>>> print(open('run_15.csv').read())   # CSV, C-alpha atoms
chain,number,residue,atom,x,y,z
K,1,MET,CA,81.7,19.0,163.7
K,2,SER,CA,79.0,21.6,163.3
K,3,GLU,CA,78.8,24.1,160.5
K,4,VAL,CA,79.7,27.0,162.8
K,5,CYS,CA,82.6,25.1,164.3
K,6,SER,CA,84.0,24.2,160.9
K,7,ARG,CA,83.8,27.9,160.0
K,8,LEU,CA,85.9,28.6,163.1
K,9,ALA,CA,88.5,26.0,162.0
K,10,ASN,CA,89.0,28.0,158.8
K,11,VAL,CA,89.5,31.3,160.6
K,12,ASN,CA,93.2,32.1,161.0
K,13,PHE,CA,92.8,33.2,164.7
K,14,PHE,CA,91.2,29.8,165.6
K,15,SER,CA,93.1,27.5,163.2
K,16,SER,CA,95.3,26.0,165.9
K,17,PHE,CA,92.5,25.5,168.5
K,18,PRO,CA,91.7,21.8,169.1
K,19,ASP,CA,88.3,20.5,168.0
K,20,LYS,CA,87.1,20.2,171.6
K,21,ALA,CA,87.9,23.8,172.2
K,22,LEU,CA,86.1,24.9,169.0
K,23,GLU,CA,83.1,22.9,170.0
K,24,GLN,CA,83.0,24.5,173.4
K,25,ILE,CA,83.3,28.0,171.9
K,26,GLU,CA,80.5,27.2,169.4
K,27,ARG,CA,78.1,26.1,172.1
K,28,ALA,CA,78.7,29.4,174.0
K,29,ALA,CA,78.6,31.7,170.9
K,30,THR,CA,75.6,33.3,169.4
K,31,LEU,CA,74.8,34.5,165.8
K,32,ARG,CA,73.8,38.1,165.4
K,33,LYS,CA,72.6,39.9,162.3
K,34,PHE,CA,73.4,43.6,161.6
K,35,ARG,CA,72.0,45.9,159.1
K,36,LYS,CA,74.2,47.9,156.7
K,37,ASN,CA,75.9,50.9,158.3
K,38,THR,CA,75.4,49.6,161.9
K,39,HIS,CA,78.1,49.8,164.6
K,40,ILE,CA,79.1,46.4,165.9
K,41,ILE,CA,81.8,47.9,168.1
K,42,THR,CA,82.1,51.5,169.4
K,43,THR,CA,85.2,53.2,170.7
K,44,GLY,CA,85.4,53.3,174.5
K,45,GLU,CA,82.9,50.5,175.2
K,46,GLU,CA,83.7,47.5,177.3
K,47,SER,CA,85.4,44.6,175.5
K,48,HIS,CA,82.9,41.8,176.3
K,49,ALA,CA,83.3,39.6,173.2
K,50,CYS,CA,85.1,39.0,170.0
K,51,TYR,CA,83.5,38.5,166.6
K,52,VAL,CA,83.9,36.4,163.5
K,53,LEU,CA,82.3,37.8,160.3
K,54,ILE,CA,80.1,35.1,158.8
K,55,SER,CA,78.6,37.1,156.0
K,56,GLY,CA,78.7,40.7,154.7
K,57,SER,CA,81.5,43.2,155.2
K,58,ALA,CA,82.7,45.8,157.7
K,59,VAL,CA,85.4,48.4,158.3
K,60,VAL,CA,87.5,49.2,161.4
K,61,PHE,CA,88.0,53.0,161.8
K,62,THR,CA,88.7,55.8,164.2
K,63,GLU,CA,87.7,59.5,163.9
K,64,ASP,CA,89.1,62.8,165.1
K,65,GLU,CA,87.4,65.6,167.0
K,66,ASP,CA,86.0,67.0,163.7
K,67,GLY,CA,84.4,63.7,162.7
K,68,GLU,CA,87.0,62.9,160.0
K,69,GLU,CA,87.4,59.1,159.7
K,70,PHE,CA,90.5,57.0,159.1
K,71,ILE,CA,89.8,53.4,158.0
K,72,HIS,CA,92.4,51.0,159.5
K,73,GLN,CA,91.1,47.8,157.9
K,74,SER,CA,88.4,46.3,155.7
K,75,LEU,CA,86.8,43.2,157.2
K,76,ASN,CA,85.5,40.3,155.1
K,77,VAL,CA,83.9,36.9,155.6
K,78,GLY,CA,86.1,34.8,157.9
K,79,ASP,CA,87.8,37.7,159.7
K,80,CYS,CA,88.0,37.8,163.5
K,81,PHE,CA,87.9,41.2,165.2
K,82,GLY,CA,87.5,42.6,168.7
K,83,GLU,CA,89.9,40.0,170.2
K,84,LEU,CA,92.6,42.6,171.3
K,85,GLY,CA,90.3,44.2,173.8
K,86,VAL,CA,89.2,40.8,175.1
K,87,LEU,CA,92.8,39.7,175.6
K,88,ASP,CA,94.0,42.8,177.4
K,89,GLY,CA,90.8,43.6,179.2
K,90,LYS,CA,90.7,47.2,178.1
K,91,SER,CA,88.0,49.2,176.4
K,92,ARG,CA,87.6,49.4,172.6
K,93,THR,CA,90.1,51.7,170.8
K,94,ALA,CA,88.3,51.7,167.4
K,95,ASN,CA,84.9,51.5,165.8
K,96,VAL,CA,83.7,48.6,163.6
K,97,MET,CA,80.8,49.3,161.3
K,98,THR,CA,79.1,47.1,158.7
K,99,THR,CA,79.3,48.2,155.1
K,100,ASP,CA,76.7,45.6,154.0
K,101,GLN,CA,74.0,43.5,155.7
K,102,SER,CA,76.1,41.2,157.9
K,103,GLU,CA,76.0,38.3,160.3
K,104,CYS,CA,78.6,37.7,163.1
K,105,LEU,CA,79.4,34.9,165.4
K,106,VAL,CA,79.7,36.5,168.9
K,107,ILE,CA,82.1,34.8,171.2
K,108,PRO,CA,82.0,35.8,174.9
K,109,LYS,CA,85.2,37.0,176.6
K,110,ASP,CA,85.3,34.4,179.3
K,111,VAL,CA,84.8,31.5,176.8
K,112,LEU,CA,87.8,32.7,174.6
K,113,LEU,CA,90.1,33.2,177.6
K,114,ARG,CA,89.2,29.8,179.1
K,115,ALA,CA,90.1,28.1,175.8
K,116,LEU,CA,93.4,29.9,175.6
K,117,VAL,CA,94.3,29.0,179.2
K,118,ASP,CA,93.4,25.3,178.6
K,119,ASP,CA,95.6,25.0,175.5
K,120,LYS,CA,99.1,26.4,175.5
K,121,SER,CA,99.7,25.5,171.8
K,122,ALA,CA,96.7,27.6,170.8
K,123,SER,CA,97.9,30.4,173.0
K,124,MET,CA,101.4,30.5,171.4
K,125,ASP,CA,99.8,30.5,167.9
K,126,VAL,CA,97.6,33.5,168.9
K,127,ILE,CA,100.7,35.3,170.2
K,128,LYS,CA,102.4,34.7,166.8
K,129,SER,CA,99.2,36.0,165.0
K,130,LEU,CA,99.2,39.1,167.1
K,131,ILE,CA,102.9,39.7,166.4
K,132,GLY,CA,102.1,39.4,162.7
K,133,ARG,CA,99.4,42.1,163.1
K,134,ILE,CA,101.8,44.4,164.9
K,135,ARG,CA,104.2,44.0,162.0
K,136,VAL,CA,101.5,44.9,159.5
K,137,MET,CA,100.5,47.9,161.6
K,138,THR,CA,104.1,49.1,161.6
K,139,GLU,CA,104.3,48.8,157.9
K,140,ASP,CA,101.0,50.8,157.6
K,141,VAL,CA,102.4,53.6,159.7
K,142,SER,CA,105.6,53.6,157.6
K,143,SER,CA,103.6,53.8,154.4
K,144,LEU,CA,101.6,56.8,155.6
K,145,ALA,CA,104.8,58.6,156.6
K,146,LEU,CA,107.0,57.6,153.6
K,147,LEU,CA,104.9,56.9,150.6
K,148,ASP,CA,102.9,59.3,148.4
K,149,VAL,CA,99.1,58.8,147.8
K,150,TYR,CA,99.7,56.5,144.8
K,151,GLY,CA,102.3,54.5,146.8
K,152,ARG,CA,99.8,53.9,149.6
K,153,ILE,CA,97.0,53.0,147.2
K,154,ALA,CA,99.3,50.6,145.3
K,155,ARG,CA,100.3,48.9,148.6
K,156,ILE,CA,96.7,48.2,149.5
K,157,LEU,CA,95.8,47.0,146.0
K,158,ASP,CA,98.8,44.6,145.9
K,159,GLY,CA,98.5,43.5,149.6
K,160,GLU,CA,94.8,42.8,149.8
K,161,SER,CA,94.1,41.3,146.3
K,162,VAL,CA,93.8,37.6,145.8
K,163,GLU,CA,95.3,35.9,142.8
K,164,GLN,CA,92.7,34.3,140.4
K,165,ALA,CA,93.0,31.3,138.1
K,166,ASP,CA,93.6,33.5,135.1
K,167,GLY,CA,96.6,35.2,136.8
K,168,THR,CA,94.8,38.4,137.6
K,169,LYS,CA,94.3,39.6,141.2
K,170,LEU,CA,90.9,40.5,142.7
K,171,LEU,CA,90.2,42.8,145.7
K,172,PRO,CA,87.3,42.6,148.1
K,173,ARG,CA,84.5,45.1,147.4
K,174,MET,CA,85.8,48.5,148.3
K,175,THR,CA,84.4,52.0,147.5
K,176,HIS,CA,86.6,54.9,146.4
K,177,GLN,CA,85.6,56.7,149.6
K,178,GLU,CA,86.7,53.7,151.8
K,179,LEU,CA,90.0,53.5,150.0
K,180,ALA,CA,90.5,57.3,150.4
K,181,LYS,CA,89.9,57.0,154.2
K,182,ARG,CA,92.4,54.2,154.4
K,183,VAL,CA,95.2,56.1,152.6
K,184,GLY,CA,94.5,59.5,154.2
K,185,SER,CA,93.5,61.3,150.9
K,186,SER,CA,90.5,62.7,149.1
K,187,ARG,CA,88.0,60.5,147.2
K,188,GLU,CA,88.7,62.7,144.1
K,189,MET,CA,92.4,62.0,144.2
K,190,VAL,CA,91.8,58.2,144.6
K,191,SER,CA,89.3,58.3,141.7
K,192,LYS,CA,91.7,60.1,139.5
K,193,ILE,CA,94.5,57.6,140.2
K,194,LEU,CA,92.2,54.6,139.6
K,195,LYS,CA,90.9,56.2,136.4
K,196,ASP,CA,94.5,56.6,135.1
K,197,LEU,CA,95.3,53.0,136.1
K,198,ARG,CA,92.2,51.8,134.1
K,199,ILE,CA,93.2,53.8,131.1
K,200,GLY,CA,96.7,52.4,131.3
K,201,GLY,CA,95.3,48.8,131.4
K,202,TYR,CA,96.6,48.1,134.9
K,203,VAL,CA,93.2,47.6,136.6
K,204,SER,CA,89.5,47.0,135.7
K,205,VAL,CA,86.4,47.4,137.8
K,206,GLU,CA,83.7,44.7,138.0
K,207,ASN,CA,80.7,44.9,140.2
K,208,HIS,CA,82.5,47.5,142.4
K,209,ARG,CA,85.5,45.2,142.8
K,210,ILE,CA,88.9,46.2,141.5
K,211,ARG,CA,90.8,43.6,139.4
K,212,LEU,CA,94.6,44.0,138.9
K,213,VAL,CA,95.2,43.0,135.3
K,214,LYS,CA,99.0,43.4,135.4
K,215,ALA,CA,101.7,44.6,137.7
K,216,LEU,CA,101.2,48.1,138.9
K,217,PRO,CA,103.8,50.8,137.9
K,218,SER,CA,106.3,51.8,140.5
K,219,ASN,CA,105.3,55.4,140.2
K,220,TRP,CA,102.3,57.4,139.1
>>> encode(input="run_15.csv", output="structure tokens")
Amino acid sequence: MSEVCSRLANVNFFSSFPDKALEQIERAATLRKFRKNTHIITTGEESHACYVLISGSAVVFTEDEDGEEFIHQSLNVGDCFGELGVLDGKSRTANVMTTDQSECLVIPKDVLLRALVDDKSASMDVIKSLIGRIRVMTEDVSSLALLDVYGRIARILDGESVEQADGTKLLPRMTHQELAKRVGSSREMVSKILKDLRIGGYVSVENHRIRLVKALPSNW
């Protein structure tokens, strides 16, 4: 199996696809490079393809009439995005912008749909994956409504960090501004909370990545 195809096998969205389908998708897909701070997807445009992030990082966000941004999700290597518009045939409902120089595998709409029609098992697993995303989105909405700023920050720090060999948990690279846009707060408030957590020995920062040294307090 080719390198690109093996990468697809490790992407959650494609993990249940048979090798033959992955090979067909690979042959039809293209690799595209994007500079930092470049739109990959823009709200309102036609959903003609889905993407897999091969290198770099990006964010999914929407903005209001005043240009205020709300970040829904940070994307990292191996993440698939843009598949919802491909599946329902509707236009894009959010923007995706790179936060670093990035490379994406671009999978045409008709190729993905054909693969799902041809394999019912893959289709069912994709449905389960989408249901999981809906559950996460419901929890995100609930956290915005019911938790204070610290609670929303703690939820992201706990939920998106990955446990390391030494027992600590490491987050993907994320600026204070990006975190503020995800929790609906100001950068200053986020910085103050993270500073207090550092002073308390709960987190450390290494190369712009937050490390959870011990369990976060229930309240701030």
>>> residues_around(input="run_15.csv", residues="K:Leu130", least_positions_apart="6", cutoff="12 Å", atoms="all atoms listed in the file", output="VMD selection string")
chain K and resid 12 to 13 80 to 81 83 to 84 87 123 to 124 136 to 137
>>> closest_residue(input="run_15.csv", among="K:Asp166, K:Ser121, K:Thr175, K:Ala180", to="K:Val205", atoms="all atoms listed in the file")
K:Thr175
>>> closest_residue(input="run_15.csv", among="K:Met97, K:Leu112, K:Val52, K:Val86", to="K:Glu23", atoms="all atoms listed in the file")
K:Leu112
>>> atom_distance(input="run_15.csv", atom1="atom CA of K:Arg152", atom2="atom CA of K:Val183")
5.9 Å
>>> closest_residue(input="run_15.csv", among="K:Ala94, K:Ile40, K:Val126, K:Cys50", to="K:Ser15", atoms="only C-alpha atoms")
K:Val126
>>> residues_around(input="run_15.csv", residues="stretch 188-193 of chain K", least_positions_apart="3", cutoff="9 Å", atoms="all atoms listed in the file", output="MDAnalysis selection string")
chainID K and resid 149:150 153 176:177 179:180 183 185 196:198 220
>>> closest_residue(input="run_15.csv", among="K:Thr43, K:Asn219, K:Ser16, K:Asn10", to="K:Gly151", atoms="all atoms listed in the file")
K:Asn219
>>> closest_residue(input="run_15.csv", among="K:Arg182, K:His39, K:Arg32, K:His72", to="K:Arg133", atoms="only C-alpha atoms")
K:His72
>>> closest_residue(input="run_15.csv", among="K:Arg7, K:Glu63, K:Ser55, K:Val111", to="K:Ala29", atoms="only C-alpha atoms")
K:Val111
>>> atom_distance(input="run_15.csv", atom1="atom CA of K:Thr42", atom2="atom CA of K:Thr99")
14.9 Å
>>> atom_distance(input="run_15.csv", atom1="atom CA of K:Ser143", atom2="atom CA of K:Arg155")
8.3 Å
